[in-house]
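Visitor: Contents of input08.txt (compact mmCIF, C-alpha atoms) are given next:
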# COMPACT_ATOMS: atom_id res chain seq x y z
CA MET A 879 -13.67 -13.93 -39.86
CA THR A 880 -14.32 -13.23 -36.20
CA THR A 881 -11.75 -11.13 -34.41
CA THR A 882 -11.34 -11.03 -30.66
CA ARG A 883 -11.19 -7.58 -29.12
CA PRO A 884 -8.80 -6.97 -26.20
CA GLN A 885 -11.87 -6.24 -24.05
CA ASP A 886 -13.23 -9.75 -24.71
CA LYS A 887 -9.93 -11.35 -23.77
CA LEU A 888 -9.94 -9.45 -20.49
CA GLY A 889 -13.52 -10.56 -19.90
CA ASP A 890 -12.44 -14.15 -20.45
CA ARG A 891 -9.63 -13.60 -17.99
CA PHE A 892 -12.15 -12.59 -15.33
CA GLN A 893 -13.86 -15.94 -15.82
CA VAL A 894 -10.45 -17.63 -15.63
CA HIS A 895 -9.70 -15.94 -12.30
CA LEU A 896 -13.10 -17.01 -10.96
CA ALA A 897 -12.54 -20.58 -12.17
CA GLU A 898 -9.09 -20.75 -10.58
CA HIS A 899 -10.74 -20.12 -7.22
CA GLY A 900 -13.75 -22.37 -7.80
CA GLN A 901 -16.05 -19.37 -8.17
CA ALA A 902 -17.20 -19.79 -11.77
CA PRO A 903 -19.83 -19.19 -12.86
CA LEU A 904 -20.71 -16.23 -10.69
CA THR A 905 -24.31 -16.59 -9.53
CA ALA A 906 -26.79 -14.51 -7.55
CA ARG A 907 -27.74 -15.31 -3.94
CA SER A 908 -30.73 -13.05 -3.34
CA LEU A 909 -32.67 -10.05 -4.62
CA GLY A 910 -32.42 -8.07 -1.41
CA THR A 911 -31.70 -4.72 -3.06
CA LEU A 912 -33.37 -3.13 -6.05
CA GLN A 913 -31.12 -0.41 -7.41
CA VAL A 914 -33.02 1.93 -9.70
CA ASN A 915 -31.27 4.34 -11.98
CA LEU A 916 -33.77 7.17 -12.38
CA GLY A 917 -31.82 8.72 -15.21
CA LYS A 918 -28.88 10.64 -16.52
CA LEU A 919 -30.06 14.11 -15.57
CA CYS A 920 -27.64 15.63 -13.09
CA ASN A 921 -26.61 19.12 -11.97
CA GLN A 922 -22.97 17.99 -12.05
CA ALA A 923 -20.84 16.50 -14.86
CA CYS A 924 -18.08 14.63 -13.04
CA LYS A 925 -14.95 13.59 -14.89
CA HIS A 926 -15.14 9.99 -13.69
CA CYS A 927 -18.91 9.43 -14.16
CA HIS A 928 -19.65 5.96 -15.54
CA VAL A 929 -23.18 7.11 -16.43
CA GLU A 930 -22.04 10.15 -18.43
CA ALA A 931 -24.68 12.09 -16.56
CA GLY A 932 -25.03 15.85 -16.78
CA PRO A 933 -27.30 18.89 -16.86
CA GLY A 934 -28.09 18.42 -20.55
CA LYS A 935 -29.37 14.85 -20.20
CA THR A 936 -33.07 15.68 -20.28
CA ASP A 937 -34.12 13.22 -23.01
CA PRO A 938 -37.22 11.30 -21.80
CA GLU A 939 -35.53 8.06 -22.91
CA ASP A 940 -32.70 8.75 -20.48
CA ASN A 941 -34.95 9.39 -17.47
CA MET A 942 -37.69 7.31 -15.84
CA GLY A 943 -41.19 8.59 -16.55
CA ALA A 944 -44.53 8.35 -14.72
CA GLU A 945 -45.69 5.17 -16.42
CA MET A 946 -42.54 3.23 -15.60
CA THR A 947 -42.72 4.57 -12.06
CA ASP A 948 -46.24 3.15 -11.71
CA LEU A 949 -44.82 -0.23 -12.68
CA LEU A 950 -41.90 0.17 -10.27
CA LEU A 951 -44.31 0.81 -7.41
CA GLN A 952 -46.25 -2.34 -8.31
CA VAL A 953 -43.01 -4.32 -8.20
CA LEU A 954 -42.15 -2.90 -4.78
CA GLN A 955 -45.54 -4.12 -3.53
CA THR A 956 -44.49 -7.72 -4.19
CA GLY A 957 -42.46 -7.56 -0.96
CA GLU A 958 -39.40 -9.03 -2.68
CA PHE A 959 -37.08 -6.12 -2.02
CA GLU A 960 -35.93 -4.95 1.41
CA VAL A 961 -33.82 -2.09 0.12
CA LEU A 962 -34.50 0.43 -2.63
CA ASP A 963 -31.30 2.11 -3.82
CA LEU A 964 -32.01 5.23 -5.89
CA THR A 965 -29.27 6.43 -8.17
CA GLY A 966 -28.74 8.49 -11.32
CA GLY A 967 -27.59 11.10 -12.42
CA ALA A 968 -29.00 13.04 -9.55
CA PRO A 969 -32.06 10.89 -8.79
CA GLU A 970 -33.71 13.72 -6.85
CA LEU A 971 -34.04 15.79 -10.04
CA ASN A 972 -36.38 13.20 -11.52
CA PRO A 973 -39.97 14.43 -10.91
CA GLN A 974 -40.91 10.87 -9.87
CA PHE A 975 -38.33 10.72 -7.07
CA ARG A 976 -40.51 11.86 -4.17
CA ARG A 977 -43.46 9.70 -5.22
CA ILE A 978 -41.19 6.65 -5.25
CA VAL A 979 -39.69 7.46 -1.85
CA GLN A 980 -43.08 8.02 -0.25
CA ALA A 981 -44.51 4.78 -1.63
CA ALA A 982 -41.47 2.71 -0.68
CA ARG A 983 -41.40 4.07 2.87
CA GLN A 984 -45.10 3.30 3.28
CA LEU A 985 -44.18 -0.28 2.41
CA GLN A 986 -41.44 -0.18 5.11
CA ILE A 987 -38.73 -0.53 2.45
CA HIS A 988 -35.38 0.97 3.42
CA VAL A 989 -34.52 3.70 0.91
CA LEU A 990 -31.03 4.86 -0.06
CA ASP A 991 -30.53 8.11 -1.94
CA ARG A 992 -27.23 8.46 -3.79
CA CYS A 993 -26.96 12.20 -3.38
CA ASN A 994 -24.34 14.51 -4.84
CA LEU A 995 -25.03 17.09 -2.06
CA SER A 996 -25.01 20.16 -4.33
CA VAL A 997 -28.46 19.08 -5.59
CA LEU A 998 -29.83 20.17 -2.20
CA PHE A 999 -29.41 23.78 -3.37
CA GLU A 1000 -30.84 23.44 -6.85
CA PRO A 1001 -33.97 25.46 -7.71
CA ASP A 1002 -37.14 23.80 -6.36
CA GLN A 1003 -35.07 21.48 -4.15
CA GLU A 1004 -34.89 23.77 -1.13
CA ASP A 1005 -37.03 21.38 0.94
CA LEU A 1006 -35.28 18.23 -0.30
CA ALA A 1007 -33.14 17.71 2.81
CA THR A 1008 -36.21 18.01 5.06
CA PHE A 1009 -38.12 15.61 2.81
CA LEU A 1010 -35.32 13.03 3.06
CA ALA A 1011 -35.20 13.36 6.85
CA GLU A 1012 -38.98 13.14 7.24
CA HIS A 1013 -38.98 9.88 5.28
CA GLN A 1014 -35.92 8.51 7.06
CA VAL A 1015 -34.04 8.05 3.80
CA GLU A 1016 -30.42 6.93 4.16
CA VAL A 1017 -28.28 9.50 2.37
CA VAL A 1018 -25.20 8.16 0.59
CA ALA A 1019 -23.36 11.32 -0.33
CA SER A 1020 -20.52 11.74 -2.79
CA LEU A 1021 -17.48 13.50 -1.39
CA PRO A 1022 -14.25 12.49 -3.12
CA TYR A 1023 -12.07 14.31 -0.63
CA TYR A 1024 -12.09 16.41 2.51
CA ARG A 1025 -10.39 19.31 0.80
CA ARG A 1026 -11.49 21.67 -1.94
CA SER A 1027 -8.86 21.25 -4.66
CA ARG A 1028 -9.22 17.51 -5.23
CA THR A 1029 -13.00 17.53 -4.90
CA ASP A 1030 -13.44 20.39 -7.35
CA ALA A 1031 -10.93 18.87 -9.77
CA GLN A 1032 -13.13 15.78 -10.01
CA ARG A 1033 -16.66 17.14 -9.64
CA GLY A 1034 -16.44 20.74 -10.85
CA LYS A 1035 -15.55 24.16 -9.49
CA GLY A 1036 -17.51 25.20 -6.43
CA VAL A 1037 -18.79 21.68 -5.69
CA PHE A 1038 -16.72 21.28 -2.52
CA ASP A 1039 -18.14 24.39 -0.85
CA LYS A 1040 -21.69 23.38 -1.74
CA SER A 1041 -21.05 19.84 -0.52
CA ILE A 1042 -19.83 21.12 2.83
CA GLU A 1043 -22.88 23.36 3.07
CA GLY A 1044 -25.06 20.35 2.22
CA LEU A 1045 -23.43 18.17 4.86
CA LYS A 1046 -23.91 20.88 7.48
CA LEU A 1047 -27.58 21.15 6.51
CA LEU A 1048 -28.02 17.39 6.82
CA ASN A 1049 -26.21 17.40 10.17
CA SER A 1050 -28.54 20.15 11.41
CA LEU A 1051 -31.53 17.93 10.59
CA GLY A 1052 -30.05 15.07 12.61
CA TYR A 1053 -28.23 13.17 9.85
CA GLY A 1054 -25.00 11.57 11.03
CA GLN A 1055 -25.86 12.39 14.65
CA PRO A 1056 -26.16 9.74 17.36
CA ASP A 1057 -29.60 8.30 18.21
CA THR A 1058 -31.53 9.98 15.39
CA GLY A 1059 -31.70 6.97 13.07
CA LEU A 1060 -30.81 9.30 10.19
CA ILE A 1061 -27.88 7.73 8.40
CA LEU A 1062 -25.40 9.82 6.44
CA ASP A 1063 -22.68 7.92 4.58
CA LEU A 1064 -19.94 9.37 2.42
CA VAL A 1065 -18.55 7.94 -0.80
CA TYR A 1066 -14.85 8.30 -1.54
CA ASN A 1067 -13.37 7.44 -4.90
CA PRO A 1068 -9.83 7.95 -6.16
CA GLY A 1069 -9.08 11.07 -8.17
CA GLY A 1070 -7.29 9.25 -10.99
CA ALA A 1071 -5.78 6.02 -12.26
CA TYR A 1072 -5.15 4.35 -8.92
CA LEU A 1073 -7.00 2.18 -6.42
CA PRO A 1074 -8.59 3.39 -3.18
CA GLY A 1075 -6.73 2.79 0.06
CA PRO A 1076 -8.00 0.96 3.14
CA GLN A 1077 -11.58 2.06 3.82
CA ALA A 1078 -11.29 2.09 7.62
CA GLU A 1079 -8.21 4.29 7.52
CA LEU A 1080 -9.77 6.69 5.02
CA GLU A 1081 -12.92 6.87 7.12
CA GLN A 1082 -10.90 7.78 10.20
CA GLU A 1083 -9.05 10.52 8.31
CA PHE A 1084 -12.25 11.94 6.78
CA GLN A 1085 -13.90 11.97 10.23
CA ARG A 1086 -10.92 13.75 11.78
CA MET A 1087 -10.52 16.35 9.04
CA LEU A 1088 -14.21 17.10 8.41
CA ASP A 1089 -14.82 17.47 12.15
CA ARG A 1090 -11.71 19.63 12.64
CA ASP A 1091 -12.25 21.93 9.66
CA HIS A 1092 -16.05 22.06 9.42
CA GLY A 1093 -17.58 20.38 12.49
CA ILE A 1094 -19.20 17.78 10.19
CA ARG A 1095 -20.20 14.30 11.34
CA PHE A 1096 -21.16 11.24 9.33
CA ASN A 1097 -21.74 7.53 9.91
CA GLN A 1098 -19.65 5.54 7.46
CA LEU A 1099 -17.35 6.12 4.52
CA PHE A 1100 -17.53 3.84 1.49
CA ALA A 1101 -14.36 3.60 -0.60
CA LEU A 1102 -15.21 2.85 -4.23
CA THR A 1103 -12.95 1.86 -7.10
CA ASN A 1104 -13.41 3.73 -10.38
CA LEU A 1105 -14.42 1.26 -13.07
CA PRO A 1106 -13.05 1.76 -16.59
CA ILE A 1107 -16.38 2.69 -18.16
CA LYS A 1108 -17.55 5.75 -20.13
CA ARG A 1109 -15.97 9.03 -18.91
CA PHE A 1110 -13.42 7.37 -16.64
CA ARG A 1111 -12.41 5.01 -19.42
CA ASP A 1112 -12.11 7.98 -21.80
CA TYR A 1113 -9.80 9.64 -19.28
CA LEU A 1114 -7.70 6.46 -19.01
CA VAL A 1115 -7.37 6.30 -22.79
CA ARG A 1116 -6.51 10.01 -23.09
CA SER A 1117 -3.92 9.82 -20.33
CA ASP A 1118 -2.43 6.55 -21.66
CA ASN A 1119 -3.26 4.79 -18.39
CA LEU A 1120 -5.84 2.25 -19.58
CA GLN A 1121 -3.57 -0.74 -19.93
CA SER A 1122 -1.67 -0.20 -16.69
CA TYR A 1123 -4.93 0.45 -14.81
CA GLN A 1124 -6.52 -2.72 -16.18
CA GLU A 1125 -3.39 -4.67 -15.25
CA ARG A 1126 -3.48 -3.19 -11.76
CA LEU A 1127 -7.14 -4.17 -11.29
CA GLU A 1128 -6.50 -7.68 -12.59
CA GLY A 1129 -3.31 -8.06 -10.57
CA ALA A 1130 -5.20 -7.16 -7.40
CA PHE A 1131 -7.93 -9.81 -7.96
CA ASN A 1132 -9.10 -10.99 -4.55
CA PRO A 1133 -11.27 -14.13 -4.39
CA ALA A 1134 -12.68 -13.03 -1.03
CA ALA A 1135 -13.96 -9.85 -2.71
CA ALA A 1136 -15.34 -11.88 -5.63
CA GLU A 1137 -17.34 -13.95 -3.15
CA GLN A 1138 -19.04 -10.81 -1.84
CA VAL A 1139 -19.60 -8.72 -4.98
CA MET A 1140 -22.77 -6.64 -4.78
CA CYS A 1141 -24.38 -8.07 -7.92
CA ARG A 1142 -24.97 -11.35 -6.08
CA ASP A 1143 -27.58 -9.71 -3.87
CA MET A 1144 -29.16 -7.06 -6.04
CA LEU A 1145 -30.84 -6.23 -9.28
CA SER A 1146 -30.39 -3.05 -11.27
CA VAL A 1147 -33.15 -1.32 -13.21
CA GLY A 1148 -32.68 1.25 -15.96
CA PRO A 1149 -34.90 4.27 -16.61
CA ASN A 1150 -36.70 2.30 -19.33
CA GLY A 1151 -37.38 -0.67 -17.03
CA CYS A 1152 -34.65 -2.97 -18.38
CA LEU A 1153 -33.00 -5.28 -15.84
CA TYR A 1154 -29.27 -5.63 -15.26
CA ASP A 1155 -26.94 -7.32 -12.77
CA CYS A 1156 -25.51 -3.95 -11.73
CA ASP A 1157 -25.38 -0.28 -12.72
CA PHE A 1158 -22.09 -0.84 -14.57
CA ASN A 1159 -23.57 -3.60 -16.74
CA GLN A 1160 -26.47 -1.21 -17.34
CA MET A 1161 -24.12 1.40 -18.75
CA LEU A 1162 -22.50 -1.25 -20.95
CA ALA A 1163 -25.92 -2.40 -22.21
CA MET A 1164 -25.46 -5.92 -20.78
CA PRO A 1165 -28.95 -6.97 -19.57
CA VAL A 1166 -29.49 -9.98 -17.30
CA GLU A 1167 -29.38 -13.47 -18.75
CA LYS A 1168 -32.28 -15.91 -18.99
CA GLY A 1169 -34.29 -13.74 -21.37
CA ILE A 1170 -35.85 -11.87 -18.49
CA CYS A 1171 -35.37 -8.29 -19.38
CA HIS A 1172 -38.02 -5.98 -17.98
CA LEU A 1173 -39.40 -4.61 -14.74
CA SER A 1174 -42.82 -6.01 -15.68
CA ASP A 1175 -41.31 -9.53 -15.49
CA LEU A 1176 -40.69 -8.97 -11.77
CA LEU A 1177 -44.43 -9.09 -11.08
CA GLU A 1178 -44.22 -12.88 -11.59
CA GLY A 1179 -43.07 -14.85 -8.54
CA SER A 1180 -41.51 -17.55 -10.70
CA THR A 1181 -39.43 -14.96 -12.55
CA ARG A 1182 -38.18 -13.48 -9.30
CA ALA A 1183 -37.23 -16.97 -8.13
CA ALA A 1184 -35.26 -17.54 -11.33
CA LEU A 1185 -33.48 -14.21 -10.92
CA ARG A 1186 -32.47 -15.08 -7.37
CA GLU A 1187 -30.33 -17.88 -8.80
CA ARG A 1188 -29.34 -16.30 -12.10
CA ARG A 1189 -25.92 -16.46 -13.63
CA ILE A 1190 -24.30 -13.03 -13.54
CA ARG A 1191 -22.88 -11.55 -16.72
CA THR A 1192 -19.26 -10.51 -16.38
CA ALA A 1193 -16.67 -8.69 -18.46
CA SER A 1194 -13.35 -6.93 -17.98
CA HIS A 1195 -14.82 -4.11 -15.88
CA CYS A 1196 -15.69 -6.67 -13.18
CA PHE A 1197 -12.04 -6.68 -12.09
CA GLY A 1198 -12.87 -3.26 -10.60
CA CYS A 1199 -15.20 -4.83 -8.04
CA THR A 1200 -12.79 -7.63 -7.08
CA ALA A 1201 -9.54 -5.66 -6.76
CA GLY A 1202 -7.95 -5.48 -3.33
CA ALA A 1203 -10.56 -5.16 -0.63
CA GLY A 1204 -13.20 -5.12 -3.37
CA SER A 1205 -15.65 -2.40 -4.27
CA SER A 1206 -19.40 -2.04 -4.22
CA CYS A 1207 -21.99 0.68 -3.84
CA GLY A 1208 -21.60 -0.05 -0.11
CA GLY A 1209 -17.82 0.28 -0.17
CA THR A 1210 -15.26 -2.47 0.31
CA VAL A 1211 -16.51 -6.03 0.69
CA ALA A 1212 -13.55 -8.10 1.87
CA MET B 344 23.81 8.52 -18.77
CA THR B 345 20.94 7.08 -20.85
CA ASP B 346 21.81 3.58 -19.58
CA TYR B 347 20.92 4.54 -16.02
CA TYR B 348 17.55 4.84 -14.31
CA LYS B 349 15.39 2.99 -16.82
CA LYS B 350 11.71 2.85 -15.81
CA LYS B 351 11.41 -0.86 -16.64
CA ASP B 352 14.20 -1.66 -14.17
CA LEU B 353 11.76 -1.18 -11.31
CA GLN B 354 9.95 -4.32 -12.50
CA ARG B 355 13.31 -6.16 -12.46
CA PHE B 356 13.96 -5.40 -8.80
CA SER B 357 13.78 -9.06 -7.79
CA GLU B 358 16.75 -9.87 -10.05
CA VAL B 359 19.06 -8.49 -7.37
CA SER B 360 18.14 -11.57 -5.32
CA GLU B 361 20.27 -13.78 -7.59
CA GLY B 362 23.54 -13.12 -5.79
CA ALA B 363 22.14 -13.44 -2.28
CA PRO B 364 18.60 -14.88 -2.23
CA ASP B 365 18.38 -15.25 1.56
CA LEU B 366 19.36 -11.66 2.17
CA TYR B 367 16.91 -10.47 -0.48
CA SER B 368 14.05 -12.43 0.99
CA LYS B 369 14.82 -10.99 4.45
CA PHE B 370 14.93 -7.52 2.94
CA GLN B 371 11.60 -8.08 1.20
CA ALA B 372 9.84 -9.20 4.37
CA TRP B 373 11.28 -6.28 6.33
CA TYR B 374 10.51 -3.76 3.59
CA GLY B 375 6.93 -4.98 3.27
CA GLU B 376 6.33 -4.89 7.00
CA ALA B 377 7.92 -1.48 7.45
CA THR B 378 6.35 0.31 4.50
CA SER B 379 3.13 -1.44 3.58
CA LYS B 380 1.52 -2.61 6.80
CA PRO B 381 -0.31 -0.20 9.10
CA GLY B 382 1.04 -0.15 12.65
CA ALA B 383 1.45 2.76 15.04
CA LEU B 384 1.57 4.79 11.83
CA SER B 385 -1.20 4.67 9.22
CA LEU B 386 -0.46 3.62 5.66
CA ARG B 387 -0.91 7.24 4.57
CA GLU B 388 1.63 8.47 7.11
CA LYS B 389 4.11 5.77 6.07
CA ALA B 390 3.60 6.62 2.40
CA LEU B 391 4.24 10.33 3.05
CA ILE B 392 7.43 9.54 4.99
CA GLY B 393 8.54 7.27 2.14
CA LEU B 394 7.78 9.99 -0.40
CA ALA B 395 9.79 12.59 1.52
CA LEU B 396 12.69 10.20 1.84
CA SER B 397 12.49 9.27 -1.85
CA HIS B 398 13.23 12.90 -2.63
CA ALA B 399 15.95 13.24 -0.02
CA ILE B 400 17.79 10.23 -1.42
CA GLN B 401 16.80 11.28 -4.95
CA CYS B 402 15.65 7.82 -6.04
CA PRO B 403 13.40 8.04 -9.14
CA TYR B 404 12.10 4.50 -8.63
CA CYS B 405 11.10 5.34 -5.07
CA ILE B 406 9.42 8.59 -6.17
CA ASP B 407 7.30 6.65 -8.70
CA SER B 408 6.39 3.98 -6.23
CA PHE B 409 5.67 6.22 -3.24
CA THR B 410 3.68 8.75 -5.26
CA GLN B 411 1.39 5.87 -6.17
CA LYS B 412 1.32 4.66 -2.56
CA CYS B 413 0.46 8.17 -1.34
CA LEU B 414 -2.44 8.50 -3.77
CA GLU B 415 -3.76 5.04 -3.00
CA SER B 416 -3.62 5.63 0.74
CA GLY B 417 -5.67 8.82 0.39
CA ALA B 418 -3.08 11.61 0.40
CA ASP B 419 -3.58 14.53 -1.94
CA LEU B 420 -1.18 16.79 -3.84
CA GLU B 421 -1.07 19.38 -1.06
CA GLN B 422 -0.03 16.82 1.55
CA MET B 423 2.48 15.23 -0.80
CA THR B 424 4.03 18.57 -1.73
CA GLU B 425 4.33 19.52 1.95
CA ALA B 426 6.10 16.21 2.58
CA VAL B 427 8.60 17.00 -0.20
CA HIS B 428 9.16 20.43 1.35
CA VAL B 429 9.96 18.78 4.69
CA ALA B 430 12.62 16.70 2.92
CA ALA B 431 13.95 19.67 0.97
CA ALA B 432 14.05 21.90 4.06
CA MET B 433 15.82 19.17 6.05
CA LYS B 434 18.42 18.80 3.31
CA ALA B 435 18.91 22.58 3.19
CA GLY B 436 19.11 22.78 6.97
CA ALA B 437 21.62 19.94 7.10
CA CYS B 438 23.72 21.81 4.56
CA LEU B 439 23.40 25.12 6.34
CA ILE B 440 24.25 23.79 9.81
CA HIS B 441 27.72 22.96 8.45
CA GLY B 442 28.15 26.70 8.23
CA VAL B 443 28.95 26.58 11.94
CA GLN B 444 31.94 24.36 11.15
CA MET B 445 32.91 26.79 8.42
CA LYS B 446 32.57 29.69 10.84
CA ASP B 447 34.66 27.94 13.52
CA LYS B 448 37.41 27.26 10.98
CA HIS B 449 37.14 30.83 9.71
CA ASP B 450 37.42 32.21 13.20
CA SER B 451 40.39 29.96 14.01
CA LEU B 452 42.28 31.30 11.01
CA SER B 453 41.31 34.92 11.28
CA LEU B 454 42.67 37.81 13.29
The structure in this file should be written as structure tokens.

Guide:
Amino acid sequence: MTTTRPQDKLGDRFQVHLAEHGQAPLTARSLGTLQVNLGKLCNQACKHCHVEAGPGKTDPEDNMGAEMTDLLLQVLQTGEFEVLDLTGGAPELNPQFRRIVQAARQLQIHVLDRCNLSVLFEPDQEDLATFLAEHQVEVVASLPYYRRSRTDAQRGKGVFDKSIEGLKLLNSLGYGQPDTGLILDLVYNPGGAYLPGPQAELEQEFQRMLDRDHGIRFNQLFALTNLPIKRFRDYLVRSDNLQSYQERLEGAFNPAAAEQVMCRDMLSVGPNGCLYDCDFNQMLAMPVEKGICHLSDLLEGSTRAALRERRIRTASHCFGCTAGAGSSCGGTVA
Amino acid sequence: MTDYYKKKDLQRFSEVSEGAPDLYSKFQAWYGEATSKPGALSLREKALIGLALSHAIQCPYCIDSFTQKCLESGADLEQMTEAVHVAAAMKAGACLIHGVQMKDKHDSLSL
């Protein structure tokens, strides 16, 4: 006998919501961005991390190696991708990181580094900030709050002070400053079982407080919703908030956000070369449909064409990207 | 006392419309505009005012609701606690200022 898990029912409900607004099935529009997860190794172990990254995650299977990087660079040479979005873990700790950045920049591909800021002060990373500036990498930096207590509660003791130091270092190199072309964005995410507020208002408040207290400048703030996956889901279960949080996400379904979800214009790659619709699907082991499953498949033009129009796999966690003003790796979408 | 202030009653708020639907609908529009739409004040500022007032009027439903609003609008525990202190200090001050009335009465009755 087949039993239906609550998770499956919620996943079905996401399809129902899409269908009610004439948006089912959800399909891709382009492959503009290639988001590559270089692995789970990280110098932080945040309470909300959907990757379950941490300092102990050194297993070669969890982190992209040299051979897979060679293949990645071949894929970038196809000219299909305008943006390379590097994430992790702390992607900079992967020994392949700088080789990838250099190659992508030579191909005129815009590179985003999802940086946790404290990595700038890790051993052997002393020149990382200069390297990023020299290669005009857009830095998308995690900073859950403009004060110490909430930031440290989420990301670990001492992280706030290091983050502020990191932001000052980046500012001194021209990041976040007018007319330098060096873009510094911040990522805000709620510190618990609630949704983020209006991005523009949060951005204004972060700008005012970081400038007032630390003289820090940045370009944009992205407000992200925490998706109920891995560590954040564990927290929701432990704190008895899972059901109410899921209901809140579902209740805030916004068709305008669904229209603009990030998975429609990107492809996600895991450390082992597997392809996914997004980093969240990657963590849930939900590879792309159509039987196309590996980075090597992207060398074929016909495969890339098929992926541009692919049907996107959805489940209950997708309500996190369509709640309220929506959520993506680039902040709100609607 | 156990029959009062049940958490689930917050979800039943709209039932008070039954006796006077027009008035309730006017209240709802006004409430939404005043508390949940940014204007000269940001949503965070409105949420902190609402939180302070929730404590001053000692409404458990309002405390639940405005704590959530504060968090969602980007306030943190320090800001929220300061807001509660503003309410508490105002209540204490309002109590204490009546001491002048007491003193006047005292003086009028004393040698």

Visitor: Could you work out which residues of chain A fall inside 8 Å of chain B? Count only C-alpha atoms, and format the result as a VMD selection string.

Guide: chain A and resid 1028 1068 1072 to 1076 1079 to 1080

Visitor: How would you write as a ChimeraX atom specification the residues that get within 12 Å of (-9.3, 19.8, -4.7) in the file's frame, counting only C-alpha atoms?

Guide: /A:1021-1039,1068-1069 /B:418-422

Visitor: CA of Cys1152 (chain A) and CA of Leu896 (chain A), how far apart in Å?

Guide: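 CA of Cys1152 (chain A) lies 26.8 Å from CA of Leu896 (chain A).
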
Visitor: One decimal, Å: what's the distance from CA of Ser1041 (chain A) over to CA of Pro1001 (chain A), could you say?

Guide: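 Calculated distance between CA of Ser1041 (chain A) and CA of Pro1001 (chain A) is 15.8 Å.
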
Visitor: Find the residues near Leu1099 (chain A): any atom within 6 Å, counting only C-alpha atoms, skip ones fewer than 6 places away on the same chain, and give them as number ranges by chain.

Guide: A: 1063-1065, 1081
